[in-house]
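*Asks:* Structure below; questions to follow.
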Amino acid sequence: MTRHLLTGEELTGAELTSLLARAEELKADRHASGALAGKSVALIFERPSTRTRVSFEVGVFELGGHAVILRQDEMQISRGESVRDTALVLSRFVHMVGVRTGPQEVLAELAEHASIPVVNMLTRDHHPCQALADLLTLRERFGDLDGLKLAYVGDGNNVAHSLMVLGAKAGMEVAVATPPELAPHPLVGQVAGASAEGSGVVTLTGDPATAAQGAAAVYADVWVSMGDDDAEARRRVLEPYRLDEALLELARPDAVALHCLPAHPGEEITEGVLYGDRSAVWDQAENRLHAQKALMEMLATAS
């Protein structure tokens with residue numbers, strides 16, 4: 001069976017722990033693995049990207065492979081070729097494919113027909129590679145993730161979904177605070193709860209202070225994402241969910257601030273928190289590279 005990473009549900013708790021440990025090894029020695037030697041990886045970008053584009057392309061290179069960068073307007077899929085046909089063709093050319101797109105359904109259809117691993121580099125519903133980097137950052141800071149509390153405040157979006165799924169698998173307490181109208185999808189909460197391991201648990205609240213209380217990390221994401229057409233209304237409803245100094249003070253004394261970037265200081269996070277001593281944001285960004293290398297190595301050797 002070809003293995004994919006579409007939501008993070010595909011990993012067991014043990015596999016997740018092993019992947020994060022391997023990411024630490026690859027961070028210590030960036031050229032320790034040649035898992036993609038002689039292989040090519042197609043990276044499809046239907047959405048703009050900075051961290052995803054650079055980290056995946058560099059990661060493929062450091063694993064000994066060749067990255068083929070494909071933009072939507074460069075592919076026949078933009079002229080009506082089916083996702084199924086695209087999957088069948090790419091499976092004859094390359095050894096793995098990463099996709100950054102909108103609908104989760106496009107990714108799922110590609111994986112259904114591909115005979116090579118498919119990696120979710122971002123969809124509207126899930127962002128598992130970001131969550132892997134987030135967990136790696138917390139593991140570096142605090143050691144064992146089991147029982148560690150992570151607070152997420154803001155929009156119940158793709159990042160929140162992936163933190164719920166993978167955080168629960170890691171045995172963490174993931175507290176998500178959102179306005180009721182921007183709550184995470186109920187099915188994601190059910191999946192996260194069903195896959196929780198150890199002391200893993202997901203809680204939902206409308207109160208950011210409740211979520212942040214006693215947390216080892218407080219996490220923010222942008223209030224207006226690509227494709228959102230109700231920007232001003234979203235900013236109004238999310239105003240109480242800003243990650244500022246007062247909210248961070250409710251967390252543990254050694255708590256860190258997290259943000260997946262790009263950030264808008266003054267909106268979802270204050271400039272003082274983003275660039276302050278308690279920010280682990282730049283470690284998160286760097287750890288995209290190392291976590292994704294461990295992931296690609298795992299998929300390449302399993303398929």
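Order determines the names: the first chain of the structure tokens is A, the second B, and so forth; residues in each chain are numbered 1 upward, and ligands are numbered 1 upward as they are shown.
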Could you name the residues that touch Gly98 of chain A at 7 Å or less, counting only C-alpha atoms, but leaving out those on the same chain fewer than 6 positions away, as a list in words?
*Replies:*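 Contacts, with the query itself left out: Ala42, Leu43, Ile44, Val118, Val119, Asn120 and Met121 of chain A.
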*Asks:* Write out as a short mmCIF file (atom, residue, chain, number, x, y, z; two decimals) with N, CA and C atoms, in the first residue's frame which residues come within 9 Å of Leu5 of chain A when counting only C-alpha atoms, dropping same-chain ones fewer than 2 positions away.
*Replies:*
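selection16.cif written:
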```cif
data_model
loop_
_atom_site.label_atom_id
_atom_site.label_comp_id
_atom_site.auth_asym_id
_atom_site.auth_seq_id
_atom_site.Cartn_x
_atom_site.Cartn_y
_atom_site.Cartn_z
N ARG A 3 1.71 4.89 0.90
CA ARG A 3 1.34 5.72 2.03
C ARG A 3 1.30 7.19 1.62
N THR A 7 -4.00 14.26 6.04
CA THR A 7 -4.56 14.98 7.19
C THR A 7 -3.73 14.83 8.46
N GLY A 8 -2.88 13.83 8.52
CA GLY A 8 -2.17 13.47 9.75
C GLY A 8 -2.78 12.27 10.43
N GLU A 9 -4.03 11.94 10.07
CA GLU A 9 -4.68 10.76 10.64
C GLU A 9 -3.96 9.48 10.25
N GLU A 10 -3.18 9.54 9.17
CA GLU A 10 -2.51 8.35 8.66
C GLU A 10 -1.40 7.85 9.59
N LEU A 11 -0.92 8.70 10.48
CA LEU A 11 0.17 8.34 11.39
C LEU A 11 -0.37 7.78 12.70
N PRO A 117 3.55 8.28 -3.14
CA PRO A 117 3.08 9.04 -1.98
C PRO A 117 2.64 10.46 -2.35
N VAL A 118 1.54 10.89 -1.76
CA VAL A 118 1.03 12.26 -1.93
C VAL A 118 1.07 12.95 -0.57
N VAL A 119 1.61 14.16 -0.55
CA VAL A 119 1.78 14.92 0.68
C VAL A 119 0.95 16.19 0.61
N ASN A 120 0.20 16.46 1.66
CA ASN A 120 -0.57 17.69 1.78
C ASN A 120 0.36 18.82 2.23
N PRO A 128 -1.07 19.59 7.77
CA PRO A 128 -0.34 18.69 8.67
C PRO A 128 1.16 18.93 8.74
N CYS A 129 1.77 19.38 7.66
CA CYS A 129 3.22 19.63 7.70
C CYS A 129 3.55 20.77 8.66
N LEU A 295 9.51 13.32 7.24
CA LEU A 295 8.30 12.79 6.63
C LEU A 295 8.59 12.18 5.27
N LEU A 299 8.06 8.29 4.04
CA LEU A 299 7.20 7.89 2.94
C LEU A 299 8.00 7.21 1.83
#
```
*Asks:* Please extract the residues of segment 42-149 of chain A with a backbone DSSP assignment of alpha helix (DSSP H) and present them as a ChimeraX atom specification.
*Replies:* /A:51-62,83-93,104-113,128-142
*Asks:* For segment 203-241 of chain A versus segment 167-178 of chain A, which residues have an atom no more than 6 Å away, and what is each residue's nearest atom pair and distance in Å rounded to one decimal, using only C-alpha atoms, chain-then-number order, as CSV?
*Replies:*
```
residue,atom,partner,partner_atom,distance
A:Thr203,CA,A:Ala175,CA,4.8
A:Leu204,CA,A:Val176,CA,5.0
A:Thr205,CA,A:Ala177,CA,4.8
A:Gly206,CA,A:Ala177,CA,5.1
A:Asp207,CA,A:Ala177,CA,5.7
A:Pro208,CA,A:Ala177,CA,5.1
A:Ala211,CA,A:Ala175,CA,5.2
```
*Asks:* Choose the residue, out of A:Arg84, A:Leu107, A:Leu247, A:Leu90, that has the smallest atom-to-atom separation from Glu46 of chain A; count only C-alpha atoms.
*Replies:*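 Of A:Arg84, A:Leu107, A:Leu247, A:Leu90, the one nearest Glu46 of chain A is A:Leu107, counting only C-alpha atoms.
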*Asks:* If you measure from atom CA of Pro184 of chain A to atom CA of Pro253 of chain A, what distance in Å do you get, rounded to one decimal?
*Replies:*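 Taking atom CA of Pro184 of chain A and atom CA of Pro253 of chain A, their separation equals 28.2 Å.
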*Asks:* Using Å and a single decimal, report how far atom CA of Phe45 of chain A sits from atom CA of Arg71 of chain A.
*Replies:*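 Spanning atom CA of Arg71 of chain A to atom CA of Phe45 of chain A is a straight-line distance of 4.9 Å.
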*Asks:* So, with only C-alpha atoms as the atoms that count, which of A:Thr301, A:Ser40, A:Asn157, A:Thr17 lies closest to Glu181 of chain A?
*Replies:*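 Using only C-alpha atoms, the shortest distance to Glu181 of chain A belongs to A:Asn157.
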*Asks:* If you count only C-alpha atoms, which residues fall within 12 Å of Val83 of chain A, apart from same-chain ones fewer than 5 positions away, as a ChimeraX atom specification?
*Replies:* /A:75-78,88-90,99,105-114
*Asks:* For atom CA of Leu261 of chain A and atom CA of Asp221 of chain A, quote the distance in Å rounded to one decimal.
*Replies:*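 According to the coordinates, atom CA of Leu261 of chain A and atom CA of Asp221 of chain A are separated by 7.1 Å.
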*Asks:* May I have the residues within 10 Å of Gln130 of chain A as a VMD selection string, using only C-alpha atoms and disregarding those fewer than 4 positions away in the same chain?
*Replies:* chain A and resid 51 to 52 121 to 122 126 134 to 136 158 to 159 162 to 163 260 284 to 285 287 to 288 291 to 292
*Asks:* Keeping N, CA and C atoms, export the residues of the selection given above as a PDB file, in the first residue's frame.
*Replies:*
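That gives us again_28.pdb:
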```pdb
ATOM      1  N   ARG A  51       7.449  29.714   2.995  1.00  0.00           N
ATOM      2  CA  ARG A  51       8.066  28.663   3.804  1.00  0.00           C
ATOM      3  C   ARG A  51       7.880  27.273   3.184  1.00  0.00           C
ATOM      4  N   THR A  52       6.680  26.982   2.696  1.00  0.00           N
ATOM      5  CA  THR A  52       6.443  25.663   2.121  1.00  0.00           C
ATOM      6  C   THR A  52       7.311  25.436   0.891  1.00  0.00           C
ATOM      7  N   MET A 121       0.668  19.728   1.305  1.00  0.00           N
ATOM      8  CA  MET A 121       1.492  20.891   1.655  1.00  0.00           C
ATOM      9  C   MET A 121       0.624  22.051   2.141  1.00  0.00           C
ATOM     10  N   LEU A 122      -0.666  21.956   1.976  1.00  0.00           N
ATOM     11  CA  LEU A 122      -1.677  22.871   2.524  1.00  0.00           C
ATOM     12  C   LEU A 122      -2.952  22.703   1.721  1.00  0.00           C
ATOM     13  N   HIS A 126      -6.781  21.258   6.031  1.00  0.00           N
ATOM     14  CA  HIS A 126      -5.702  20.696   6.844  1.00  0.00           C
ATOM     15  C   HIS A 126      -4.344  21.261   6.428  1.00  0.00           C
ATOM     16  N   ASP A 134       5.393  22.332  14.271  1.00  0.00           N
ATOM     17  CA  ASP A 134       4.999  22.890  15.568  1.00  0.00           C
ATOM     18  C   ASP A 134       5.317  21.915  16.696  1.00  0.00           C
ATOM     19  N   LEU A 135       4.989  20.640  16.494  1.00  0.00           N
ATOM     20  CA  LEU A 135       5.259  19.642  17.522  1.00  0.00           C
ATOM     21  C   LEU A 135       6.754  19.440  17.712  1.00  0.00           C
ATOM     22  N   LEU A 136       7.511  19.510  16.629  1.00  0.00           N
ATOM     23  CA  LEU A 136       8.969  19.419  16.748  1.00  0.00           C
ATOM     24  C   LEU A 136       9.509  20.580  17.582  1.00  0.00           C
ATOM     25  N   ASN A 158      -7.580  25.486   9.041  1.00  0.00           N
ATOM     26  CA  ASN A 158      -6.804  24.296   8.718  1.00  0.00           C
ATOM     27  C   ASN A 158      -5.678  24.046   9.722  1.00  0.00           C
ATOM     28  N   VAL A 159      -5.041  25.105  10.199  1.00  0.00           N
ATOM     29  CA  VAL A 159      -3.973  24.947  11.188  1.00  0.00           C
ATOM     30  C   VAL A 159      -4.538  24.406  12.499  1.00  0.00           C
ATOM     31  N   SER A 162      -5.263  20.666  12.112  1.00  0.00           N
ATOM     32  CA  SER A 162      -4.087  19.792  12.144  1.00  0.00           C
ATOM     33  C   SER A 162      -3.466  19.719  13.531  1.00  0.00           C
ATOM     34  N   LEU A 163      -3.500  20.808  14.260  1.00  0.00           N
ATOM     35  CA  LEU A 163      -3.007  20.774  15.643  1.00  0.00           C
ATOM     36  C   LEU A 163      -3.875  19.858  16.500  1.00  0.00           C
ATOM     37  N   CYS A 260       2.234  30.412  12.720  1.00  0.00           N
ATOM     38  CA  CYS A 260       2.703  29.681  11.543  1.00  0.00           C
ATOM     39  C   CYS A 260       3.178  30.587  10.412  1.00  0.00           C
ATOM     40  N   GLN A 284       9.837  27.564  14.679  1.00  0.00           N
ATOM     41  CA  GLN A 284       8.771  26.884  13.936  1.00  0.00           C
ATOM     42  C   GLN A 284       9.045  26.921  12.435  1.00  0.00           C
ATOM     43  N   ALA A 285       9.372  28.102  11.942  1.00  0.00           N
ATOM     44  CA  ALA A 285       9.606  28.251  10.505  1.00  0.00           C
ATOM     45  C   ALA A 285      10.760  27.361  10.055  1.00  0.00           C
ATOM     46  N   ASN A 287      11.827  24.680  11.476  1.00  0.00           N
ATOM     47  CA  ASN A 287      11.520  23.269  11.675  1.00  0.00           C
ATOM     48  C   ASN A 287      10.596  22.687  10.608  1.00  0.00           C
ATOM     49  N   ARG A 288      10.009  23.540   9.766  1.00  0.00           N
ATOM     50  CA  ARG A 288       9.300  23.009   8.601  1.00  0.00           C
ATOM     51  C   ARG A 288      10.249  22.132   7.786  1.00  0.00           C
ATOM     52  N   ALA A 291      11.190  18.678   9.827  1.00  0.00           N
ATOM     53  CA  ALA A 291      10.051  17.773   9.981  1.00  0.00           C
ATOM     54  C   ALA A 291       9.644  17.182   8.634  1.00  0.00           C
ATOM     55  N   GLN A 292       9.648  17.991   7.601  1.00  0.00           N
ATOM     56  CA  GLN A 292       9.260  17.517   6.278  1.00  0.00           C
ATOM     57  C   GLN A 292      10.283  16.560   5.696  1.00  0.00           C
TER      58      GLN A 292
END
```
